$ cat query-v2.txt   # compact mmCIF, C-alpha atoms and all ligand atoms
# COMPACT_ATOMS: atom_id res chain seq x y z
CA MET A 25 122.86 75.82 81.45
CA ARG A 26 120.67 72.97 80.16
CA VAL A 27 117.15 73.95 79.08
CA SER A 28 113.99 72.30 77.75
CA VAL A 29 111.00 73.95 76.09
CA PHE A 30 107.53 72.41 76.34
CA GLY A 31 105.23 73.88 73.68
CA ALA A 32 108.20 75.04 71.58
CA THR A 33 106.13 75.47 68.40
CA GLY A 34 103.61 77.89 69.94
CA SER A 35 103.68 81.63 70.36
CA ILE A 36 105.59 81.58 73.69
CA GLY A 37 107.68 78.67 72.44
CA GLU A 38 108.78 80.63 69.35
CA SER A 39 109.74 83.65 71.45
CA THR A 40 111.75 81.35 73.73
CA PHE A 41 113.37 79.74 70.69
CA ASP A 42 114.32 83.21 69.42
CA LEU A 43 116.13 83.99 72.68
CA LEU A 44 117.82 80.59 72.88
CA GLN A 45 119.09 80.89 69.32
CA ARG A 46 120.99 84.03 70.28
CA ARG A 47 122.92 82.30 73.06
CA ASP A 48 125.93 80.03 72.72
CA ASP A 49 126.16 79.14 76.42
CA ILE A 50 122.97 77.07 76.53
CA GLU A 51 122.47 73.37 75.78
CA THR A 52 119.01 72.36 74.61
CA VAL A 53 117.79 69.11 76.11
CA ALA A 54 114.20 68.60 74.92
CA LEU A 55 111.84 70.52 72.65
CA THR A 56 108.20 69.48 72.48
CA GLY A 57 105.32 70.35 70.20
CA GLY A 58 101.98 69.11 69.02
CA ARG A 59 100.97 68.77 65.36
CA ASN A 60 103.45 71.24 63.86
CA VAL A 61 106.20 68.65 63.45
CA ALA A 62 107.91 70.43 60.55
CA ARG A 63 108.57 73.46 62.72
CA LEU A 64 109.54 71.33 65.72
CA ALA A 65 112.13 69.55 63.58
CA GLU A 66 113.55 72.88 62.31
CA GLN A 67 113.88 74.16 65.86
CA ALA A 68 115.48 70.92 67.07
CA ARG A 69 118.06 71.04 64.27
CA ALA A 70 118.80 74.73 64.83
CA LEU A 71 119.32 74.31 68.59
CA ARG A 72 120.94 70.85 68.26
CA ALA A 73 118.46 69.50 70.81
CA GLU A 74 119.00 66.07 72.36
CA LEU A 75 115.34 65.14 71.97
CA ALA A 76 112.22 66.26 70.09
CA VAL A 77 108.80 65.07 71.27
CA THR A 78 105.41 65.44 69.64
CA ALA A 79 102.43 65.04 71.93
CA HIS A 80 100.61 62.98 69.28
CA ASP A 81 101.45 59.34 68.53
CA ASP A 82 100.20 59.71 64.96
CA CYS A 83 102.78 62.45 64.32
CA TYR A 84 105.74 60.23 65.24
CA ASP A 85 106.60 59.05 61.71
CA ALA A 86 106.50 62.56 60.26
CA LEU A 87 108.77 63.88 63.03
CA LYS A 88 111.16 60.93 62.66
CA GLU A 89 111.40 61.55 58.94
CA ALA A 90 111.90 65.31 59.36
CA LEU A 91 114.78 64.68 61.78
CA ALA A 92 116.42 61.82 59.87
CA GLY A 93 120.21 62.09 59.98
CA SER A 94 120.16 64.96 62.52
CA GLY A 95 121.16 62.93 65.57
CA VAL A 96 118.12 64.29 67.46
CA GLU A 97 116.20 61.57 69.34
CA VAL A 98 112.50 61.42 68.50
CA ALA A 99 109.55 60.39 70.68
CA ALA A 100 105.77 60.78 70.72
CA GLY A 101 102.82 60.67 73.10
CA THR A 102 101.89 61.73 76.59
CA GLU A 103 104.30 59.34 78.34
CA ALA A 104 107.15 60.60 76.20
CA LEU A 105 106.34 64.19 77.23
CA ILE A 106 106.57 63.16 80.88
CA ALA A 107 109.83 61.30 80.28
CA ALA A 108 111.23 64.41 78.56
CA ALA A 109 110.37 66.48 81.64
CA GLU A 110 112.35 64.01 83.76
CA ARG A 111 115.58 64.51 81.78
CA PRO A 112 118.10 66.40 83.92
CA THR A 113 117.68 70.06 83.06
CA ASP A 114 118.35 73.37 84.82
CA TRP A 115 115.54 75.43 83.30
CA VAL A 116 112.23 74.36 81.76
CA MET A 117 109.82 76.55 79.82
CA SER A 118 106.21 75.43 80.41
CA ALA A 119 104.37 76.77 77.34
CA ILE A 120 101.97 74.01 76.34
CA VAL A 121 98.48 75.46 76.07
CA GLY A 122 95.72 74.14 78.33
CA ALA A 123 95.52 71.51 81.06
CA ALA A 124 97.92 69.27 79.08
CA GLY A 125 100.71 71.53 80.34
CA LEU A 126 100.29 70.51 83.98
CA ALA A 127 102.00 67.13 84.23
CA PRO A 128 105.32 68.05 82.55
CA GLY A 129 105.62 71.06 84.88
CA PHE A 130 105.21 68.87 87.97
CA ARG A 131 107.86 66.45 86.69
CA ALA A 132 110.27 69.28 85.97
CA LEU A 133 109.88 70.59 89.52
CA ALA A 134 110.35 67.10 90.95
CA GLN A 135 113.83 66.93 89.42
CA GLY A 136 114.62 70.37 90.90
CA ALA A 137 114.58 72.34 87.65
CA THR A 138 113.60 76.01 87.58
CA LEU A 139 110.16 76.19 85.98
CA ALA A 140 109.51 79.21 83.78
CA LEU A 141 105.72 79.15 83.89
CA ALA A 142 103.72 80.47 80.96
CA ASN A 143 101.05 77.75 81.17
CA LYS A 144 98.60 79.67 83.33
CA GLU A 145 96.29 76.68 83.65
CA SER A 146 98.83 75.07 86.03
CA LEU A 147 98.34 77.75 88.68
CA VAL A 148 94.63 78.24 88.04
CA THR A 149 93.73 74.58 88.37
CA ALA A 150 96.34 73.30 90.81
CA GLY A 151 98.06 76.35 92.30
CA PRO A 152 98.51 75.12 95.90
CA LEU A 153 99.75 71.72 94.65
CA LEU A 154 102.24 73.26 92.25
CA MET A 155 103.65 75.67 94.82
CA ALA A 156 103.95 72.84 97.37
CA GLU A 157 105.73 70.65 94.83
CA ALA A 158 108.25 73.41 94.17
CA ALA A 159 108.84 73.89 97.91
CA ARG A 160 109.22 70.13 98.46
CA HIS A 161 112.02 69.91 95.89
CA SER A 162 113.54 73.34 96.60
CA ALA A 163 112.76 74.19 92.99
CA ARG A 164 111.81 77.64 91.79
CA ILE A 165 108.86 78.74 89.70
CA LEU A 166 109.42 81.96 87.75
CA PRO A 167 106.33 83.60 86.30
CA VAL A 168 106.32 84.24 82.55
CA ASP A 169 102.89 85.76 82.12
CA SER A 170 103.86 89.41 81.57
CA GLU A 171 101.71 90.71 84.44
CA HIS A 172 103.10 88.24 86.96
CA SER A 173 106.66 88.76 85.78
CA ALA A 174 106.00 92.48 86.29
CA VAL A 175 104.74 91.93 89.85
CA PHE A 176 107.68 89.62 90.55
CA GLN A 177 110.11 92.29 89.33
CA ALA A 178 108.39 95.06 91.34
CA LEU A 179 108.82 92.89 94.43
CA VAL A 180 112.58 92.41 94.13
CA GLY A 181 114.08 93.44 97.49
CA GLU A 182 110.63 93.91 99.03
CA ASP A 183 108.79 91.97 101.71
CA ILE A 184 105.50 90.52 100.45
CA SER A 185 103.95 91.13 103.88
CA GLN A 186 104.24 94.88 103.23
CA VAL A 187 102.14 94.63 100.06
CA GLU A 188 98.70 96.19 100.29
CA ARG A 189 97.48 95.53 96.75
CA VAL A 190 98.50 94.25 93.35
CA ILE A 191 96.99 95.71 90.21
CA ILE A 192 97.33 93.86 86.93
CA THR A 193 96.50 95.66 83.71
CA ALA A 194 94.32 94.55 80.80
CA SER A 195 94.45 96.10 77.35
CA GLY A 196 90.68 95.72 77.15
CA GLY A 197 91.09 93.77 73.89
CA PRO A 198 89.41 94.53 70.58
CA PHE A 199 85.96 94.96 72.18
CA ARG A 200 86.87 97.52 74.85
CA GLU A 201 84.49 100.12 73.45
CA TRP A 202 81.82 97.81 72.03
CA SER A 203 78.27 97.96 73.34
CA LYS A 204 76.68 94.85 74.82
CA ALA A 205 74.41 94.60 71.77
CA ALA A 206 77.44 94.64 69.46
CA LEU A 207 79.27 92.12 71.65
CA ALA A 208 76.32 89.76 71.33
CA LYS A 209 77.09 89.54 67.59
CA ALA A 210 80.91 89.55 67.79
CA THR A 211 82.52 87.05 65.42
CA LEU A 212 85.57 84.82 65.78
CA ALA A 213 87.54 86.94 63.28
CA GLU A 214 86.72 90.10 65.25
CA ALA A 215 87.78 88.45 68.54
CA MET A 216 91.13 87.55 66.96
CA GLN A 217 92.07 91.23 66.34
CA HIS A 218 94.09 91.96 69.48
CA PRO A 219 95.20 95.61 69.49
CA ASN A 220 98.64 95.16 71.13
CA TRP A 221 99.82 91.58 71.54
CA ALA A 222 100.51 88.84 68.95
CA MET A 223 99.60 85.56 70.70
CA GLY A 224 98.14 82.11 70.13
CA GLN A 225 94.48 81.83 69.05
CA ARG A 226 93.05 80.69 72.38
CA ILE A 227 94.67 83.34 74.58
CA THR A 228 93.78 86.02 72.02
CA ILE A 229 90.07 85.19 72.26
CA ASP A 230 90.38 84.91 76.06
CA SER A 231 91.81 88.44 76.00
CA ALA A 232 88.80 89.72 74.05
CA SER A 233 86.38 88.23 76.62
CA LEU A 234 88.64 89.20 79.59
CA PHE A 235 88.71 85.51 80.56
CA ASN A 236 92.46 85.78 80.21
CA LYS A 237 92.48 88.51 82.87
CA ALA A 238 90.14 86.40 84.99
CA LEU A 239 92.65 83.54 84.89
CA GLU A 240 95.44 85.98 85.72
CA LEU A 241 93.65 87.23 88.85
CA ILE A 242 93.53 83.63 90.08
CA GLU A 243 97.18 83.10 89.09
CA THR A 244 98.13 86.21 91.10
CA ARG A 245 96.38 84.86 94.13
CA GLU A 246 98.04 81.46 93.88
CA TYR A 247 101.56 82.57 93.02
CA PHE A 248 101.88 85.47 95.47
CA ASP A 249 99.55 84.01 98.13
CA LEU A 250 97.43 87.18 98.39
CA GLU A 251 93.82 87.59 99.47
CA PRO A 252 91.34 88.14 96.61
CA ALA A 253 90.51 91.62 97.95
CA GLN A 254 94.17 92.64 97.48
CA ILE A 255 94.13 91.88 93.76
CA GLU A 256 92.66 94.24 91.17
CA ALA A 257 92.51 94.52 87.40
CA VAL A 258 92.44 97.82 85.54
CA VAL A 259 92.00 98.45 81.82
CA HIS A 260 95.05 100.17 80.33
CA PRO A 261 94.68 100.28 76.55
CA GLN A 262 98.33 101.07 75.76
CA SER A 263 99.67 97.86 77.43
CA ILE A 264 102.79 99.72 78.59
CA ILE A 265 102.35 99.20 82.32
CA HIS A 266 101.92 95.48 82.94
CA ALA A 267 101.30 95.54 86.68
CA LEU A 268 101.63 97.72 89.77
CA VAL A 269 102.36 96.78 93.36
CA GLY A 270 101.00 99.04 96.12
CA PHE A 271 102.72 98.98 99.53
CA ARG A 272 101.39 99.77 103.01
CA ASP A 273 102.94 103.26 102.91
CA GLY A 274 100.89 104.13 99.83
CA ALA A 275 103.82 103.90 97.38
CA MET A 276 103.23 102.05 94.13
CA MET A 277 105.86 100.40 91.94
CA ALA A 278 104.88 99.99 88.30
CA HIS A 279 106.57 97.81 85.70
CA LEU A 280 106.69 99.29 82.20
CA GLY A 281 107.83 97.69 78.97
CA ALA A 282 106.99 97.20 75.31
CA PRO A 283 104.35 94.51 74.77
CA ASP A 284 106.79 91.74 73.80
CA MET A 285 106.78 88.39 75.61
CA ARG A 286 110.53 88.05 75.07
CA HIS A 287 110.95 90.44 77.99
CA ALA A 288 109.22 88.21 80.57
CA ILE A 289 110.72 85.06 79.03
CA GLY A 290 114.21 86.60 78.96
CA TYR A 291 113.86 87.81 82.54
CA ALA A 292 113.03 84.25 83.64
CA LEU A 293 115.86 82.84 81.52
CA ASN A 294 118.48 85.22 82.92
CA TRP A 295 117.17 85.47 86.49
CA PRO A 296 118.58 86.52 88.92
CA GLU A 297 120.77 88.48 86.49
CA ARG A 298 119.62 90.89 83.83
CA ARG A 299 121.07 90.67 80.34
CA ASP A 300 120.52 92.49 77.06
CA LEU A 301 117.25 91.52 75.41
CA PRO A 302 116.17 92.23 71.81
CA VAL A 303 113.02 94.13 72.83
CA ALA A 304 111.98 97.63 71.77
CA ARG A 305 112.89 100.43 74.17
CA LEU A 306 110.04 102.72 75.20
CA ASP A 307 109.90 106.28 73.87
CA LEU A 308 107.67 107.84 76.52
CA ALA A 309 107.37 111.19 74.75
CA GLN A 310 106.11 109.40 71.66
CA ILE A 311 103.64 107.34 73.71
CA GLY A 312 102.48 110.65 75.18
CA ALA A 313 99.82 109.47 77.61
CA LEU A 314 98.88 106.39 79.57
CA SER A 315 95.21 105.94 80.37
CA PHE A 316 93.28 103.72 82.75
CA GLU A 317 89.63 102.75 83.16
CA ALA A 318 87.65 100.34 85.31
CA PRO A 319 86.60 97.12 83.57
CA ASP A 320 82.87 96.99 82.87
CA PRO A 321 81.42 93.96 84.73
CA GLU A 322 78.21 94.15 82.74
CA ARG A 323 79.85 93.64 79.34
CA PHE A 324 82.73 91.47 80.64
CA PRO A 325 81.41 89.16 83.41
CA ALA A 326 84.57 87.01 83.44
CA LEU A 327 86.24 89.09 86.16
CA ARG A 328 83.27 88.76 88.52
CA LEU A 329 83.25 84.99 87.93
CA SER A 330 86.94 84.72 88.76
CA ARG A 331 86.33 86.52 92.07
CA GLU A 332 83.69 83.93 92.93
CA VAL A 333 86.15 81.18 92.04
CA MET A 334 88.87 82.75 94.21
CA GLU A 335 86.46 82.82 97.15
CA LEU A 336 85.35 79.21 96.59
CA ARG A 337 88.94 77.91 96.17
CA GLY A 338 89.41 74.13 96.40
CA HIS A 339 88.72 72.65 92.98
CA ALA A 340 86.78 75.67 91.70
CA GLY A 341 89.79 76.84 89.65
CA ALA A 342 89.91 73.51 87.84
CA ALA A 343 86.16 73.70 87.13
CA PHE A 344 86.44 77.31 85.96
CA ASN A 345 89.31 76.57 83.61
CA ALA A 346 87.65 73.46 82.17
CA ALA A 347 84.32 75.22 81.63
CA LYS A 348 86.15 78.14 80.04
CA GLU A 349 88.01 75.79 77.65
CA ILE A 350 84.74 74.13 76.58
CA ALA A 351 83.12 77.56 76.16
CA LEU A 352 86.05 78.69 74.02
CA ASP A 353 85.84 75.55 71.86
CA ALA A 354 82.09 76.09 71.47
CA PHE A 355 82.62 79.71 70.40
CA ILE A 356 85.43 78.79 67.97
CA GLY A 357 83.21 76.02 66.59
CA GLY A 358 80.31 78.42 66.07
CA GLN A 359 78.11 76.59 68.58
CA ILE A 360 77.64 79.52 70.98
CA ARG A 361 77.92 83.30 70.73
CA PHE A 362 80.63 85.49 72.19
CA LEU A 363 78.63 86.42 75.30
CA GLY A 364 77.54 82.81 75.60
CA MET A 365 81.03 81.92 76.84
CA ALA A 366 80.57 83.73 80.18
CA GLU A 367 77.02 82.43 80.48
CA LEU A 368 78.21 78.86 79.93
CA VAL A 369 81.01 79.15 82.49
CA GLU A 370 78.67 80.67 85.09
CA ARG A 371 75.99 78.04 84.57
CA THR A 372 78.58 75.26 84.81
CA ILE A 373 80.01 76.55 88.09
CA ASP A 374 76.48 77.09 89.47
CA SER A 375 75.51 73.54 88.56
CA LEU A 376 78.57 72.21 90.42
CA LEU A 377 77.97 74.25 93.60
CA SER A 378 75.94 71.49 95.23
CA ASP A 379 78.84 69.07 94.75
CA SER A 380 81.16 69.16 97.77
CA CYS A 381 84.12 68.21 95.55
CA LEU A 382 84.03 71.74 94.12
CA THR A 383 85.23 73.36 97.33
CA ASP A 384 87.17 70.41 98.76
CA PRO A 385 90.42 72.07 99.86
CA VAL A 386 92.49 68.86 99.68
CA LEU A 387 93.95 68.82 96.19
CA ALA A 388 95.74 66.00 94.38
CA LEU A 389 96.55 65.78 90.67
CA GLU A 390 93.92 63.02 90.35
CA THR A 391 91.15 65.04 92.02
CA VAL A 392 92.01 68.09 89.90
CA ALA A 393 91.82 65.90 86.78
CA ALA A 394 88.49 64.44 87.96
CA MET A 395 87.02 67.91 88.51
CA ASP A 396 88.34 68.98 85.11
CA GLN A 397 86.50 66.07 83.47
CA MET A 398 83.31 66.61 85.45
CA ALA A 399 83.20 70.31 84.57
CA ARG A 400 83.88 69.58 80.89
CA GLN A 401 81.02 67.08 80.73
CA ARG A 402 78.69 69.49 82.53
CA ALA A 403 79.68 72.40 80.29
CA ARG A 404 79.21 70.32 77.12
CA ALA A 405 75.75 69.26 78.28
CA ILE A 406 74.74 72.86 79.00
CA ALA A 407 76.26 74.13 75.73
CA ALA A 408 74.19 71.61 73.77
CA HIS A 409 71.05 73.53 74.81
CA MET A 410 72.38 77.03 74.17
CA ASP A 411 72.16 78.98 70.95
P1 LIG A 501 99.96 78.34 71.29
O1 LIG A 501 98.63 77.79 70.98
O2 LIG A 501 100.58 79.33 70.38
O3 LIG A 501 101.02 77.13 71.46
C1 LIG A 501 100.72 76.00 72.24
C2 LIG A 501 101.84 74.99 72.21
O4 LIG A 501 101.40 73.79 72.88
C3 LIG A 501 102.26 74.54 70.82
O5 LIG A 501 103.61 74.15 70.85
C4 LIG A 501 101.37 73.32 70.58
O6 LIG A 501 101.88 72.45 69.59
C5 LIG A 501 101.42 72.68 71.94
N1 LIG A 501 100.26 71.85 72.24
C6 LIG A 501 98.96 72.10 71.91
N2 LIG A 501 98.16 71.13 72.41
C7 LIG A 501 98.98 70.26 73.07
C8 LIG A 501 98.75 69.05 73.79
N3 LIG A 501 97.53 68.53 73.96
N4 LIG A 501 99.82 68.41 74.33
C9 LIG A 501 101.06 68.91 74.19
N5 LIG A 501 101.34 70.04 73.50
C10 LIG A 501 100.31 70.72 72.95
O7 LIG A 501 99.87 78.91 72.77
P2 LIG A 501 100.61 80.16 73.42
O8 LIG A 501 102.08 80.05 73.17
O9 LIG A 501 99.90 81.40 73.10
O10 LIG A 501 100.34 79.90 74.97
C11 LIG A 501 100.97 78.85 75.70
C12 LIG A 501 100.62 79.01 77.18
O11 LIG A 501 101.20 80.22 77.64
C13 LIG A 501 99.12 79.11 77.46
O12 LIG A 501 98.84 78.53 78.70
C14 LIG A 501 98.89 80.61 77.52
O13 LIG A 501 97.78 80.95 78.33
C15 LIG A 501 100.19 81.09 78.15
N6 LIG A 501 100.56 82.46 77.86
C16 LIG A 501 100.70 82.87 76.56
C17 LIG A 501 101.05 84.18 76.26
C18 LIG A 501 101.26 84.63 74.84
O14 LIG A 501 101.68 85.77 74.63
N7 LIG A 501 101.03 83.82 73.83
C19 LIG A 501 101.26 85.17 77.33
C20 LIG A 501 101.18 84.60 78.65
C21 LIG A 501 100.82 83.30 78.90
P3 LIG A 501 101.51 72.57 67.99
O15 LIG A 501 101.32 74.02 67.71
O16 LIG A 501 102.73 71.98 67.35
O17 LIG A 501 100.29 71.74 67.77

$ encode --input "query-v2.txt" --output "structure tokens"
Amino acid sequence: MRVSVFGATGSIGESTFDLLQRRDDIETVALTGGRNVARLAEQARALRAELAVTAHDDCYDALKEALAGSGVEVAAGTEALIAAAERPTDWVMSAIVGAAGLAPGFRALAQGATLALANKESLVTAGPLLMAEAARHSARILPVDSEHSAVFQALVGEDISQVERVIITASGGPFREWSKAALAKATLAEAMQHPNWAMGQRITIDSASLFNKALELIETREYFDLEPAQIEAVVHPQSIIHALVGFRDGAMMAHLGAPDMRHAIGYALNWPERRDLPVARLDLAQIGALSFEAPDPERFPALRLSREVMELRGHAGAAFNAAKEIALDAFIGGQIRFLGMAELVERTIDSLLSDSCLTDPVLALETVAAMDQMARQRARAIAAHMD
């Protein structure tokens, strides 16, 4: 099997690299990264990749130097990323963070590759387009987000039309028990203390605000084509159950596993088979108890906002994601407070409601990109007047 990894130097990329390194029946075509060229070069040498691409033109020389004498081709820039996605490949990991991950995924599908999708922004901003592209080329998208992989696995052998509800779990993050007054003063360092998962910076903060769960509700809708009312989120602090599927006869199938992304990545890599994976096995007696609680919409408004976005559809997902990215940047940069992120996203969506583009159901990559830009500009303007 020939594989490529987009976003190889990130958290998902490293977990994918770990699994690939253990296999001798896989050829690595392309590995891509951003600024961490030293690590990208190490990975490319270790996996004997055909090609290594950095997304940044100004990183080309450093990558070229790091791979001198290795026989690995080197390229840089957005066009080079697209060209890498067009190289004949059987399986492509989409693990670039943010909207930059969209275009390579589309190109991979267009050449019929199986797309292992970690980049949640692809489904949130352009879900119907992405699913249609896969269908057009008879290509398959396999979910890598742990919750969606869990739903996918619970549905094996089942008929989606018999599904009554899907419940995805949220750990609740580091602020699960914090009061609203305490949340108002939450710092970046505090938001980075995820209790169960080790992940990249942006998704870790999104987990603390429940924006990550908000994106995942939208992903669930787009990937499984369910109505918003069929999709729920529940707080489950132990992160052992990743999702549950409820059927029309009242039965529920739950997916359990240690919080380790190599499970969902490995499942997508080995699908439709299962193979040994280097993940911890659960000791249920030691875990003792699993608990569940309803998310508090007052302290964590992100879930309510995602429901509004699911109802609006059209380009609302693109606006939501863009506003959320600007809000996250503003929080990381110290420009707004923790609770200001939800306020900024809500005000941005509200300000776009009068624009018919927001709910226009006809999506194209260009219109999604235009909405992304419009929402970013709007969010930046609003953020400039927030404290
Ligand atoms: P990281 O921030 O750890 O890694 C992001 C990767 O994308 C890095 O390889 C980075 O390169 C690269 N990158 C950053 N900016 C650009 C750009 N503009 N163009 C091209 N490449 C770029 O992210 P994660 O691995 O945590 O997440 C990746 C995606 O997977 C996200 O969409 C996230 O929501 C999703 N996801 C992550 C999970 C997790 O456990 N981490 C779980 C489920 C989904 P470099 O570092 O070299 O600059």

$ atom_distance --input "query-v2.txt" --atom1 "atom CA of Glu243 of chain A" --atom2 "atom CA of Gly358 of chain A"
28.9 Å

$ atom_distance --input "query-v2.txt" --atom1 "atom CA of Phe130 of chain A" --atom2 "atom CA of Leu154 of chain A"
6.8 Å

$ closest_atom_pairs --input "query-v2.txt" --of "chain A" --to "ligand LIG 501 (chain A)" --cutoff "7 Å" --atoms "all atoms listed in the file" --output "CSV"
residue,atom,partner,partner_atom,distance
A:Phe30,CA,A:LIG501,O5,7.0
A:Gly31,CA,A:LIG501,O5,3.3
A:Ala32,CA,A:LIG501,O5,4.7
A:Thr33,CA,A:LIG501,O5,3.8
A:Gly34,CA,A:LIG501,O3,3.1
A:Ser35,CA,A:LIG501,O8,3.6
A:Ile36,CA,A:LIG501,O8,3.9
A:Gly37,CA,A:LIG501,O8,5.8
A:Thr56,CA,A:LIG501,O5,6.7
A:Gly57,CA,A:LIG501,O6,4.1
A:Gly58,CA,A:LIG501,O17,3.4
A:Arg59,CA,A:LIG501,O17,3.9
A:Asn60,CA,A:LIG501,O16,3.6
A:Val61,CA,A:LIG501,O16,6.2
A:Ala79,CA,A:LIG501,C9,4.7
A:Ala119,CA,A:LIG501,C11,4.3
A:Ile120,CA,A:LIG501,O4,3.5
A:Val121,CA,A:LIG501,C13,4.0
A:Gly122,CA,A:LIG501,O12,5.4
A:Ala124,CA,A:LIG501,N4,5.2
A:Gly125,CA,A:LIG501,C9,6.7
A:Ala142,CA,A:LIG501,O11,4.2
A:Asn143,CA,A:LIG501,O12,3.4
A:Lys144,CA,A:LIG501,O12,4.8
A:Glu145,CA,A:LIG501,O12,5.9
A:Val168,CA,A:LIG501,C20,6.5
A:Asp169,CA,A:LIG501,C20,4.0
A:Ser170,CA,A:LIG501,C20,6.2
A:Trp221,CA,A:LIG501,O14,6.8
A:Ala222,CA,A:LIG501,O14,6.6
A:Met223,CA,A:LIG501,N7,3.9
A:Gly224,CA,A:LIG501,O9,3.5
A:Gln225,CA,A:LIG501,O1,6.1
A:Arg226,CA,A:LIG501,O1,6.4
A:Ile227,CA,A:LIG501,O13,5.4
A:Met285,CA,A:LIG501,O14,5.8

$ write_last_selection --input "query-v2.txt" --atoms "C-alpha atoms" --output "PDB file, in the coordinates of the input"
ATOM      1  CA  PHE A  30     107.530  72.410  76.340  1.00  0.00           C
ATOM      2  CA  GLY A  31     105.230  73.880  73.680  1.00  0.00           C
ATOM      3  CA  ALA A  32     108.200  75.040  71.580  1.00  0.00           C
ATOM      4  CA  THR A  33     106.130  75.470  68.400  1.00  0.00           C
ATOM      5  CA  GLY A  34     103.610  77.890  69.940  1.00  0.00           C
ATOM      6  CA  SER A  35     103.680  81.630  70.360  1.00  0.00           C
ATOM      7  CA  ILE A  36     105.590  81.580  73.690  1.00  0.00           C
ATOM      8  CA  GLY A  37     107.680  78.670  72.440  1.00  0.00           C
ATOM      9  CA  THR A  56     108.200  69.480  72.480  1.00  0.00           C
ATOM     10  CA  GLY A  57     105.320  70.350  70.200  1.00  0.00           C
ATOM     11  CA  GLY A  58     101.980  69.110  69.020  1.00  0.00           C
ATOM     12  CA  ARG A  59     100.970  68.770  65.360  1.00  0.00           C
ATOM     13  CA  ASN A  60     103.450  71.240  63.860  1.00  0.00           C
ATOM     14  CA  VAL A  61     106.200  68.650  63.450  1.00  0.00           C
ATOM     15  CA  ALA A  79     102.430  65.040  71.930  1.00  0.00           C
ATOM     16  CA  ALA A 119     104.370  76.770  77.340  1.00  0.00           C
ATOM     17  CA  ILE A 120     101.970  74.010  76.340  1.00  0.00           C
ATOM     18  CA  VAL A 121      98.480  75.460  76.070  1.00  0.00           C
ATOM     19  CA  GLY A 122      95.720  74.140  78.330  1.00  0.00           C
ATOM     20  CA  ALA A 124      97.920  69.270  79.080  1.00  0.00           C
ATOM     21  CA  GLY A 125     100.710  71.530  80.340  1.00  0.00           C
ATOM     22  CA  ALA A 142     103.720  80.470  80.960  1.00  0.00           C
ATOM     23  CA  ASN A 143     101.050  77.750  81.170  1.00  0.00           C
ATOM     24  CA  LYS A 144      98.600  79.670  83.330  1.00  0.00           C
ATOM     25  CA  GLU A 145      96.290  76.680  83.650  1.00  0.00           C
ATOM     26  CA  VAL A 168     106.320  84.240  82.550  1.00  0.00           C
ATOM     27  CA  ASP A 169     102.890  85.760  82.120  1.00  0.00           C
ATOM     28  CA  SER A 170     103.860  89.410  81.570  1.00  0.00           C
ATOM     29  CA  TRP A 221      99.820  91.580  71.540  1.00  0.00           C
ATOM     30  CA  ALA A 222     100.510  88.840  68.950  1.00  0.00           C
ATOM     31  CA  MET A 223      99.600  85.560  70.700  1.00  0.00           C
ATOM     32  CA  GLY A 224      98.140  82.110  70.130  1.00  0.00           C
ATOM     33  CA  GLN A 225      94.480  81.830  69.050  1.00  0.00           C
ATOM     34  CA  ARG A 226      93.050  80.690  72.380  1.00  0.00           C
ATOM     35  CA  ILE A 227      94.670  83.340  74.580  1.00  0.00           C
ATOM     36  CA  MET A 285     106.780  88.390  75.610  1.00  0.00           C
TER      37      MET A 285
END

$ residues_around --input "query-v2.txt" --residues "Val27 of chain A" --least-positions-apart "3" --cutoff "6 Å" --atoms "only C-alpha atoms" --output "list in words"
Thr52, Val53, Thr113, Asp114, Trp115 and Val116 of chain A

$ residues_around --input "query-v2.txt" --residues "Leu44 of chain A" --least-positions-apart "5" --cutoff "12 Å" --atoms "all atoms listed in the file" --output "compact mmCIF listing (two decimals) with C-alpha atoms, in the coordinates of the input"
# COMPACT_ATOMS: atom_id res chain seq x y z
CA MET A 25 122.86 75.82 81.45
CA ARG A 26 120.67 72.97 80.16
CA VAL A 27 117.15 73.95 79.08
CA SER A 28 113.99 72.30 77.75
CA VAL A 29 111.00 73.95 76.09
CA ALA A 32 108.20 75.04 71.58
CA GLY A 37 107.68 78.67 72.44
CA GLU A 38 108.78 80.63 69.35
CA SER A 39 109.74 83.65 71.45
CA ASP A 49 126.16 79.14 76.42
CA ILE A 50 122.97 77.07 76.53
CA GLU A 51 122.47 73.37 75.78
CA THR A 52 119.01 72.36 74.61
CA VAL A 53 117.79 69.11 76.11
CA LEU A 55 111.84 70.52 72.65
CA GLN A 67 113.88 74.16 65.86
CA ALA A 68 115.48 70.92 67.07
CA ALA A 70 118.80 74.73 64.83
CA LEU A 71 119.32 74.31 68.59
CA ARG A 72 120.94 70.85 68.26
CA ALA A 73 118.46 69.50 70.81
CA TRP A 115 115.54 75.43 83.30
CA MET A 117 109.82 76.55 79.82
CA ARG A 286 110.53 88.05 75.07
CA ILE A 289 110.72 85.06 79.03
CA GLY A 290 114.21 86.60 78.96
CA LEU A 293 115.86 82.84 81.52
CA ASN A 294 118.48 85.22 82.92
CA LEU A 301 117.25 91.52 75.41
CA PRO A 302 116.17 92.23 71.81

$ closest_residue --input "query-v2.txt" --among "A:Val369, A:Ala62, A:Leu268, A:Met276" --to "Glu349 of chain A" --atoms "all atoms listed in the file"
A:Val369

$ residues_around --input "query-v2.txt" --residues "Ala232 of chain A" --least-positions-apart "3" --cutoff "8 Å" --atoms "only C-alpha atoms" --output "MDAnalysis selection string"
chainID A and resid 196:199 215:216 218 228:229 235

$ atom_distance --input "query-v2.txt" --atom1 "atom CA of Arg400 of chain A" --atom2 "atom CA of Leu239 of chain A"
17.0 Å
